[in-house]
Structures are given as C-alpha cells and as structure tokens.
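The block underneath contains the structure these notes are about, expressed in structure tokens.
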Amino acid sequence: MQASFKILGITNERSECDRCGRTALQKVYVIETDTGEEFSLGSSCIRKAYQMTQREVTSKAKQDRQRAEEAARAEFKATAAYRAQKSYLHSPQHHEDMKAHGFSYVKMKLKPWQEVRQTIAAKHRVNVATI
C-alpha cells in the first residue's frame, strides 16, 4: 500500500464513488485517509488507489471494523453509564422490577444508559449491539 487509510464502514446512503464517479454501486466503502479526509469509494477504486487485492480490502475492512468495535466497547466501559447499568442489571432491584413491573419498565429504566451506548456506537460507526 502506498498510503495508510482506515475503512470506516460500508454505507447504504450513497451509491456513487468519489474517485471515479461510477454510480449505482451495490457496496460503497467509507474510508478515512491518513490526512483525515473521508471519501466514499467502490472496492475497485480502493484496490487501484492503494494497490490491494480484493481479499486484502475485505480483510482490512474486517480488521478496521473490529478495532472500531473494541474502541467503542472500551469507551463505553469507561463511562459511569456502563457502571450504573452493570450494577443495576446484577442487582436484586432488577429482579424485583422485572417481577413487579415487567420488561417495559426495566427497558425504560435502562434508556439513559442505552442512549450513551448509542452515542458512542455512532461516534465509532459501529452497530450498538457490538458494544
């Protein structure tokens, strides 16, 4: 590879490549260059621009996604929201709330903590379920 870059993910919001202008692409990768710029590229343009094979592109996408998920998990685990959520979920109060009020009540109690989790997931561009 000539320059370093990160694959931030695959987008469904765009179907056009910023490099070649090709449209109606089924899979568009969002990348961040070593200068911090973001581009939407098709896999062919990534392969050409960075002199990679498709296998290398796919592997890099997976590795970069795993790094982002790990960073998001670490950030969430460092929050007070995580500690509060974990404490509540492992408490007798959680069991009592489930028994007395049901899942909807518990879900409402968890909402503020889940919002922190969603914010962190969006920041790292990962699925909230992975953190």
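Chain labels follow the order of the structure tokens: the first chain is A, the next B, and so on; residue numbering restarts at 1 in every chain, and ligands are counted from 1 in their shown order.
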
- Message: Env of Phe39 (chain A): 9 Å cut, atoms = only C-alpha atoms, seq-sep filter 3 positions within chain, self excluded. Answer as a ChimeraX atom specification.
- Response: /A:17-19,29-33

Let's have the selection written as a PDB file, in the first residue's frame, with C-alpha atoms.
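Result written to out_24.pdb:
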ATOM      1  CA  CYS A  17     -17.702   6.508  -5.941  1.00  0.00           C
ATOM      2  CA  ASP A  18     -15.905   9.769  -5.102  1.00  0.00           C
ATOM      3  CA  ARG A  19     -12.822   8.682  -7.051  1.00  0.00           C
ATOM      4  CA  TYR A  29     -16.878   1.868   1.476  1.00  0.00           C
ATOM      5  CA  VAL A  30     -16.381   4.990   3.582  1.00  0.00           C
ATOM      6  CA  ILE A  31     -12.669   5.493   4.139  1.00  0.00           C
ATOM      7  CA  GLU A  32     -10.606   7.969   6.113  1.00  0.00           C
ATOM      8  CA  THR A  33      -7.243   8.886   4.614  1.00  0.00           C
TER       9      THR A  33
END

In chain A, DSSP alpha helix (DSSP H) residues written as a PDB file with N, CA and C atoms, in the first residue's frame:
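Contents of out-v1.pdb, as written:
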ATOM      1  N   SER A  43     -15.042  -0.741  -4.181  1.00  0.00           N
ATOM      2  CA  SER A  43     -13.893  -1.610  -3.887  1.00  0.00           C
ATOM      3  C   SER A  43     -12.861  -1.577  -5.002  1.00  0.00           C
ATOM      4  N   SER A  44     -13.281  -1.409  -6.243  1.00  0.00           N
ATOM      5  CA  SER A  44     -12.321  -1.342  -7.356  1.00  0.00           C
ATOM      6  C   SER A  44     -11.386  -0.156  -7.196  1.00  0.00           C
ATOM      7  N   CYS A  45     -11.942   0.971  -6.792  1.00  0.00           N
ATOM      8  CA  CYS A  45     -11.105   2.163  -6.622  1.00  0.00           C
ATOM      9  C   CYS A  45     -10.181   2.048  -5.415  1.00  0.00           C
ATOM     10  N   ILE A  46     -10.637   1.389  -4.363  1.00  0.00           N
ATOM     11  CA  ILE A  46      -9.740   1.162  -3.225  1.00  0.00           C
ATOM     12  C   ILE A  46      -8.579   0.285  -3.676  1.00  0.00           C
ATOM     13  N   ARG A  47      -8.899  -0.781  -4.404  1.00  0.00           N
ATOM     14  CA  ARG A  47      -7.839  -1.686  -4.872  1.00  0.00           C
ATOM     15  C   ARG A  47      -6.834  -0.943  -5.745  1.00  0.00           C
ATOM     16  N   LYS A  48      -7.316  -0.114  -6.642  1.00  0.00           N
ATOM     17  CA  LYS A  48      -6.416   0.623  -7.541  1.00  0.00           C
ATOM     18  C   LYS A  48      -5.615   1.692  -6.800  1.00  0.00           C
ATOM     19  N   ALA A  49      -6.305   2.477  -5.976  1.00  0.00           N
ATOM     20  CA  ALA A  49      -5.645   3.584  -5.283  1.00  0.00           C
ATOM     21  C   ALA A  49      -4.593   3.112  -4.288  1.00  0.00           C
ATOM     22  N   TYR A  50      -4.858   1.979  -3.640  1.00  0.00           N
ATOM     23  CA  TYR A  50      -3.950   1.508  -2.596  1.00  0.00           C
ATOM     24  C   TYR A  50      -3.217   0.227  -2.978  1.00  0.00           C
ATOM     25  N   GLN A  54      -8.663  -7.757  -3.725  1.00  0.00           N
ATOM     26  CA  GLN A  54      -9.982  -7.742  -3.071  1.00  0.00           C
ATOM     27  C   GLN A  54      -9.920  -8.430  -1.720  1.00  0.00           C
ATOM     28  N   ARG A  55      -9.161  -9.497  -1.632  1.00  0.00           N
ATOM     29  CA  ARG A  55      -9.010 -10.200  -0.351  1.00  0.00           C
ATOM     30  C   ARG A  55      -8.407  -9.271   0.702  1.00  0.00           C
ATOM     31  N   GLU A  56      -7.427  -8.466   0.316  1.00  0.00           N
ATOM     32  CA  GLU A  56      -6.809  -7.517   1.252  1.00  0.00           C
ATOM     33  C   GLU A  56      -7.804  -6.426   1.679  1.00  0.00           C
ATOM     34  N   VAL A  57      -8.614  -5.951   0.741  1.00  0.00           N
ATOM     35  CA  VAL A  57      -9.626  -4.936   1.064  1.00  0.00           C
ATOM     36  C   VAL A  57     -10.625  -5.511   2.072  1.00  0.00           C
ATOM     37  N   THR A  58     -11.107  -6.703   1.801  1.00  0.00           N
ATOM     38  CA  THR A  58     -12.079  -7.355   2.683  1.00  0.00           C
ATOM     39  C   THR A  58     -11.473  -7.589   4.065  1.00  0.00           C
ATOM     40  N   SER A  59     -10.241  -8.045   4.112  1.00  0.00           N
ATOM     41  CA  SER A  59      -9.559  -8.292   5.377  1.00  0.00           C
ATOM     42  C   SER A  59      -9.362  -6.985   6.154  1.00  0.00           C
ATOM     43  N   LYS A  60      -8.959  -5.934   5.455  1.00  0.00           N
ATOM     44  CA  LYS A  60      -8.750  -4.632   6.103  1.00  0.00           C
ATOM     45  C   LYS A  60     -10.067  -4.091   6.646  1.00  0.00           C
ATOM     46  N   ALA A  61     -11.147  -4.240   5.891  1.00  0.00           N
ATOM     47  CA  ALA A  61     -12.459  -3.772   6.350  1.00  0.00           C
ATOM     48  C   ALA A  61     -12.837  -4.484   7.647  1.00  0.00           C
ATOM     49  N   LYS A  62     -12.601  -5.783   7.690  1.00  0.00           N
ATOM     50  CA  LYS A  62     -12.930  -6.563   8.887  1.00  0.00           C
ATOM     51  C   LYS A  62     -12.065  -6.133  10.069  1.00  0.00           C
ATOM     52  N   GLN A  63     -10.761  -5.986   9.845  1.00  0.00           N
ATOM     53  CA  GLN A  63      -9.851  -5.577  10.921  1.00  0.00           C
ATOM     54  C   GLN A  63     -10.193  -4.183  11.442  1.00  0.00           C
ATOM     55  N   ASP A  64     -10.454  -3.253  10.524  1.00  0.00           N
ATOM     56  CA  ASP A  64     -10.780  -1.889  10.938  1.00  0.00           C
ATOM     57  C   ASP A  64     -12.105  -1.841  11.697  1.00  0.00           C
ATOM     58  N   ARG A  65     -13.081  -2.669  11.290  1.00  0.00           N
ATOM     59  CA  ARG A  65     -14.358  -2.726  11.998  1.00  0.00           C
ATOM     60  C   ARG A  65     -14.139  -3.275  13.410  1.00  0.00           C
ATOM     61  N   GLN A  66     -13.313  -4.330  13.535  1.00  0.00           N
ATOM     62  CA  GLN A  66     -13.040  -4.911  14.852  1.00  0.00           C
ATOM     63  C   GLN A  66     -12.338  -3.909  15.765  1.00  0.00           C
ATOM     64  N   ARG A  67     -11.411  -3.140  15.215  1.00  0.00           N
ATOM     65  CA  ARG A  67     -10.716  -2.110  16.013  1.00  0.00           C
ATOM     66  C   ARG A  67     -11.708  -1.052  16.488  1.00  0.00           C
ATOM     67  N   ALA A  68     -12.610  -0.640  15.605  1.00  0.00           N
ATOM     68  CA  ALA A  68     -13.608   0.368  15.970  1.00  0.00           C
ATOM     69  C   ALA A  68     -14.538  -0.161  17.049  1.00  0.00           C
ATOM     70  N   GLU A  69     -14.946  -1.419  16.929  1.00  0.00           N
ATOM     71  CA  GLU A  69     -15.817  -2.025  17.941  1.00  0.00           C
ATOM     72  C   GLU A  69     -15.105  -2.108  19.287  1.00  0.00           C
ATOM     73  N   GLU A  70     -13.834  -2.493  19.276  1.00  0.00           N
ATOM     74  CA  GLU A  70     -13.063  -2.583  20.517  1.00  0.00           C
ATOM     75  C   GLU A  70     -12.909  -1.208  21.163  1.00  0.00           C
ATOM     76  N   ALA A  71     -12.650  -0.191  20.344  1.00  0.00           N
ATOM     77  CA  ALA A  71     -12.513   1.174  20.871  1.00  0.00           C
ATOM     78  C   ALA A  71     -13.839   1.654  21.460  1.00  0.00           C
ATOM     79  N   ALA A  72     -14.944   1.353  20.799  1.00  0.00           N
ATOM     80  CA  ALA A  72     -16.261   1.752  21.302  1.00  0.00           C
ATOM     81  C   ALA A  72     -16.576   1.034  22.612  1.00  0.00           C
ATOM     82  N   ARG A  73     -16.289  -0.263  22.671  1.00  0.00           N
ATOM     83  CA  ARG A  73     -16.526  -1.030  23.907  1.00  0.00           C
ATOM     84  C   ARG A  73     -15.710  -0.450  25.064  1.00  0.00           C
ATOM     85  N   ALA A  74     -14.442  -0.165  24.795  1.00  0.00           N
ATOM     86  CA  ALA A  74     -13.568   0.384  25.838  1.00  0.00           C
ATOM     87  C   ALA A  74     -14.075   1.747  26.305  1.00  0.00           C
ATOM     88  N   GLU A  75     -14.499   2.572  25.373  1.00  0.00           N
ATOM     89  CA  GLU A  75     -15.017   3.890  25.743  1.00  0.00           C
ATOM     90  C   GLU A  75     -16.288   3.758  26.588  1.00  0.00           C
ATOM     91  N   PHE A  76     -17.200   2.861  26.183  1.00  0.00           N
ATOM     92  CA  PHE A  76     -18.438   2.679  26.946  1.00  0.00           C
ATOM     93  C   PHE A  76     -18.138   2.125  28.334  1.00  0.00           C
ATOM     94  N   LYS A  77     -17.230   1.171  28.427  1.00  0.00           N
ATOM     95  CA  LYS A  77     -16.918   0.568  29.722  1.00  0.00           C
ATOM     96  C   LYS A  77     -16.260   1.563  30.679  1.00  0.00           C
ATOM     97  N   ALA A  80     -19.625   6.215  33.409  1.00  0.00           N
ATOM     98  CA  ALA A  80     -20.463   5.992  34.591  1.00  0.00           C
ATOM     99  C   ALA A  80     -21.735   5.250  34.189  1.00  0.00           C
ATOM    100  N   ALA A  81     -22.205   5.489  32.981  1.00  0.00           N
ATOM    101  CA  ALA A  81     -23.419   4.817  32.491  1.00  0.00           C
ATOM    102  C   ALA A  81     -23.226   3.303  32.465  1.00  0.00           C
ATOM    103  N   TYR A  82     -22.067   2.849  32.020  1.00  0.00           N
ATOM    104  CA  TYR A  82     -21.793   1.413  31.990  1.00  0.00           C
ATOM    105  C   TYR A  82     -21.785   0.835  33.403  1.00  0.00           C
ATOM    106  N   ARG A  83     -21.098   1.514  34.291  1.00  0.00           N
ATOM    107  CA  ARG A  83     -21.016   1.021  35.674  1.00  0.00           C
ATOM    108  C   ARG A  83     -22.406   0.974  36.319  1.00  0.00           C
ATOM    109  N   ALA A  84     -23.215   1.993  36.073  1.00  0.00           N
ATOM    110  CA  ALA A  84     -24.567   2.026  36.630  1.00  0.00           C
ATOM    111  C   ALA A  84     -25.433   0.925  36.027  1.00  0.00           C
ATOM    112  N   GLN A  85     -25.334   0.745  34.717  1.00  0.00           N
ATOM    113  CA  GLN A  85     -26.116  -0.299  34.048  1.00  0.00           C
ATOM    114  C   GLN A  85     -25.731  -1.675  34.563  1.00  0.00           C
ATOM    115  N   LYS A  86     -24.439  -1.920  34.647  1.00  0.00           N
ATOM    116  CA  LYS A  86     -23.960  -3.223  35.116  1.00  0.00           C
ATOM    117  C   LYS A  86     -24.387  -3.472  36.563  1.00  0.00           C
ATOM    118  N   SER A  87     -24.286  -2.446  37.372  1.00  0.00           N
ATOM    119  CA  SER A  87     -24.676  -2.574  38.770  1.00  0.00           C
ATOM    120  C   SER A  87     -26.170  -2.886  38.889  1.00  0.00           C
ATOM    121  N   TYR A  88     -26.978  -2.192  38.120  1.00  0.00           N
ATOM    122  CA  TYR A  88     -28.421  -2.418  38.170  1.00  0.00           C
ATOM    123  C   TYR A  88     -28.777  -3.811  37.653  1.00  0.00           C
ATOM    124  N   LEU A  89     -28.213  -4.203  36.519  1.00  0.00           N
ATOM    125  CA  LEU A  89     -28.567  -5.491  35.925  1.00  0.00           C
ATOM    126  C   LEU A  89     -28.170  -6.681  36.795  1.00  0.00           C
ATOM    127  N   PRO A  92     -30.487  -7.157  43.010  1.00  0.00           N
ATOM    128  CA  PRO A  92     -31.810  -7.690  43.357  1.00  0.00           C
ATOM    129  C   PRO A  92     -32.934  -6.750  42.874  1.00  0.00           C
ATOM    130  N   GLN A  93     -32.644  -5.456  42.807  1.00  0.00           N
ATOM    131  CA  GLN A  93     -33.641  -4.487  42.356  1.00  0.00           C
ATOM    132  C   GLN A  93     -34.106  -4.790  40.936  1.00  0.00           C
ATOM    133  N   HIS A  94     -33.170  -5.188  40.070  1.00  0.00           N
ATOM    134  CA  HIS A  94     -33.524  -5.536  38.694  1.00  0.00           C
ATOM    135  C   HIS A  94     -34.514  -6.696  38.688  1.00  0.00           C
ATOM    136  N   HIS A  95     -34.229  -7.710  39.447  1.00  0.00           N
ATOM    137  CA  HIS A  95     -35.117  -8.872  39.532  1.00  0.00           C
ATOM    138  C   HIS A  95     -36.495  -8.465  40.060  1.00  0.00           C
ATOM    139  N   GLU A  96     -36.504  -7.629  41.075  1.00  0.00           N
ATOM    140  CA  GLU A  96     -37.770  -7.158  41.651  1.00  0.00           C
ATOM    141  C   GLU A  96     -38.555  -6.327  40.639  1.00  0.00           C
ATOM    142  N   ASP A  97     -37.855  -5.452  39.910  1.00  0.00           N
ATOM    143  CA  ASP A  97     -38.517  -4.623  38.891  1.00  0.00           C
ATOM    144  C   ASP A  97     -39.127  -5.483  37.791  1.00  0.00           C
ATOM    145  N   MET A  98     -38.399  -6.498  37.374  1.00  0.00           N
ATOM    146  CA  MET A  98     -38.919  -7.394  36.334  1.00  0.00           C
ATOM    147  C   MET A  98     -40.181  -8.099  36.830  1.00  0.00           C
ATOM    148  N   LYS A  99     -40.126  -8.562  38.054  1.00  0.00           N
ATOM    149  CA  LYS A  99     -41.250  -9.314  38.615  1.00  0.00           C
ATOM    150  C   LYS A  99     -42.469  -8.414  38.842  1.00  0.00           C
ATOM    151  N   ALA A 100     -42.231  -7.225  39.372  1.00  0.00           N
ATOM    152  CA  ALA A 100     -43.338  -6.338  39.738  1.00  0.00           C
ATOM    153  C   ALA A 100     -43.877  -5.517  38.568  1.00  0.00           C
ATOM    154  N   HIS A 101     -42.978  -5.084  37.676  1.00  0.00           N
ATOM    155  CA  HIS A 101     -43.388  -4.127  36.638  1.00  0.00           C
ATOM    156  C   HIS A 101     -43.226  -4.633  35.215  1.00  0.00           C
ATOM    157  N   PHE A 103     -40.920  -6.121  31.688  1.00  0.00           N
ATOM    158  CA  PHE A 103     -39.799  -5.727  30.839  1.00  0.00           C
ATOM    159  C   PHE A 103     -39.881  -4.271  30.388  1.00  0.00           C
ATOM    160  N   SER A 104     -41.071  -3.782  30.085  1.00  0.00           N
ATOM    161  CA  SER A 104     -41.209  -2.396  29.611  1.00  0.00           C
ATOM    162  C   SER A 104     -40.675  -1.401  30.634  1.00  0.00           C
ATOM    163  N   TYR A 105     -40.951  -1.660  31.892  1.00  0.00           N
ATOM    164  CA  TYR A 105     -40.463  -0.785  32.958  1.00  0.00           C
ATOM    165  C   TYR A 105     -38.932  -0.828  33.030  1.00  0.00           C
ATOM    166  N   VAL A 106     -38.380  -2.018  32.984  1.00  0.00           N
ATOM    167  CA  VAL A 106     -36.920  -2.166  33.046  1.00  0.00           C
ATOM    168  C   VAL A 106     -36.272  -1.502  31.830  1.00  0.00           C
ATOM    169  N   LYS A 107     -36.877  -1.695  30.677  1.00  0.00           N
ATOM    170  CA  LYS A 107     -36.357  -1.068  29.452  1.00  0.00           C
ATOM    171  C   LYS A 107     -36.344   0.453  29.600  1.00  0.00           C
ATOM    172  N   MET A 108     -37.386   1.024  30.197  1.00  0.00           N
ATOM    173  CA  MET A 108     -37.443   2.464  30.417  1.00  0.00           C
ATOM    174  C   MET A 108     -36.330   2.907  31.372  1.00  0.00           C
ATOM    175  N   LYS A 109     -36.077   2.107  32.401  1.00  0.00           N
ATOM    176  CA  LYS A 109     -35.000   2.440  33.341  1.00  0.00           C
ATOM    177  C   LYS A 109     -33.628   2.395  32.667  1.00  0.00           C
ATOM    178  N   LEU A 110     -33.472   1.494  31.701  1.00  0.00           N
ATOM    179  CA  LEU A 110     -32.187   1.340  31.010  1.00  0.00           C
ATOM    180  C   LEU A 110     -31.958   2.391  29.923  1.00  0.00           C
ATOM    181  N   LYS A 111     -33.009   3.095  29.525  1.00  0.00           N
ATOM    182  CA  LYS A 111     -32.926   4.016  28.381  1.00  0.00           C
ATOM    183  C   LYS A 111     -31.783   5.038  28.479  1.00  0.00           C
ATOM    184  N   PRO A 112     -31.582   5.739  29.600  1.00  0.00           N
ATOM    185  CA  PRO A 112     -30.476   6.717  29.643  1.00  0.00           C
ATOM    186  C   PRO A 112     -29.105   6.073  29.388  1.00  0.00           C
ATOM    187  N   TRP A 113     -28.916   4.882  29.883  1.00  0.00           N
ATOM    188  CA  TRP A 113     -27.645   4.180  29.688  1.00  0.00           C
ATOM    189  C   TRP A 113     -27.511   3.736  28.241  1.00  0.00           C
ATOM    190  N   GLN A 114     -28.624   3.319  27.661  1.00  0.00           N
ATOM    191  CA  GLN A 114     -28.609   2.890  26.260  1.00  0.00           C
ATOM    192  C   GLN A 114     -28.334   4.069  25.329  1.00  0.00           C
ATOM    193  N   GLU A 115     -28.799   5.252  25.699  1.00  0.00           N
ATOM    194  CA  GLU A 115     -28.540   6.433  24.877  1.00  0.00           C
ATOM    195  C   GLU A 115     -27.046   6.755  24.840  1.00  0.00           C
ATOM    196  N   VAL A 116     -26.371   6.602  25.964  1.00  0.00           N
ATOM    197  CA  VAL A 116     -24.913   6.796  25.998  1.00  0.00           C
ATOM    198  C   VAL A 116     -24.254   5.784  25.067  1.00  0.00           C
ATOM    199  N   ARG A 117     -24.701   4.554  25.155  1.00  0.00           N
ATOM    200  CA  ARG A 117     -24.171   3.476  24.316  1.00  0.00           C
ATOM    201  C   ARG A 117     -24.384   3.771  22.826  1.00  0.00           C
ATOM    202  N   GLN A 118     -25.579   4.259  22.487  1.00  0.00           N
ATOM    203  CA  GLN A 118     -25.886   4.595  21.089  1.00  0.00           C
ATOM    204  C   GLN A 118     -25.021   5.737  20.589  1.00  0.00           C
ATOM    205  N   THR A 119     -24.791   6.726  21.428  1.00  0.00           N
ATOM    206  CA  THR A 119     -23.944   7.860  21.046  1.00  0.00           C
ATOM    207  C   THR A 119     -22.521   7.394  20.760  1.00  0.00           C
ATOM    208  N   ILE A 120     -22.008   6.537  21.602  1.00  0.00           N
ATOM    209  CA  ILE A 120     -20.639   6.020  21.409  1.00  0.00           C
ATOM    210  C   ILE A 120     -20.580   5.152  20.163  1.00  0.00           C
ATOM    211  N   ALA A 121     -21.576   4.321  19.943  1.00  0.00           N
ATOM    212  CA  ALA A 121     -21.613   3.475  18.743  1.00  0.00           C
ATOM    213  C   ALA A 121     -21.637   4.337  17.481  1.00  0.00           C
ATOM    214  N   ALA A 122     -22.429   5.392  17.483  1.00  0.00           N
ATOM    215  CA  ALA A 122     -22.497   6.280  16.310  1.00  0.00           C
ATOM    216  C   ALA A 122     -21.164   6.982  16.083  1.00  0.00           C
ATOM    217  N   LYS A 123     -20.524   7.403  17.144  1.00  0.00           N
ATOM    218  CA  LYS A 123     -19.217   8.080  17.039  1.00  0.00           C
ATOM    219  C   LYS A 123     -18.182   7.179  16.366  1.00  0.00           C
ATOM    220  N   HIS A 124     -18.216   5.899  16.715  1.00  0.00           N
ATOM    221  CA  HIS A 124     -17.246   4.943  16.172  1.00  0.00           C
ATOM    222  C   HIS A 124     -17.755   4.234  14.913  1.00  0.00           C
TER     223      HIS A 124
END
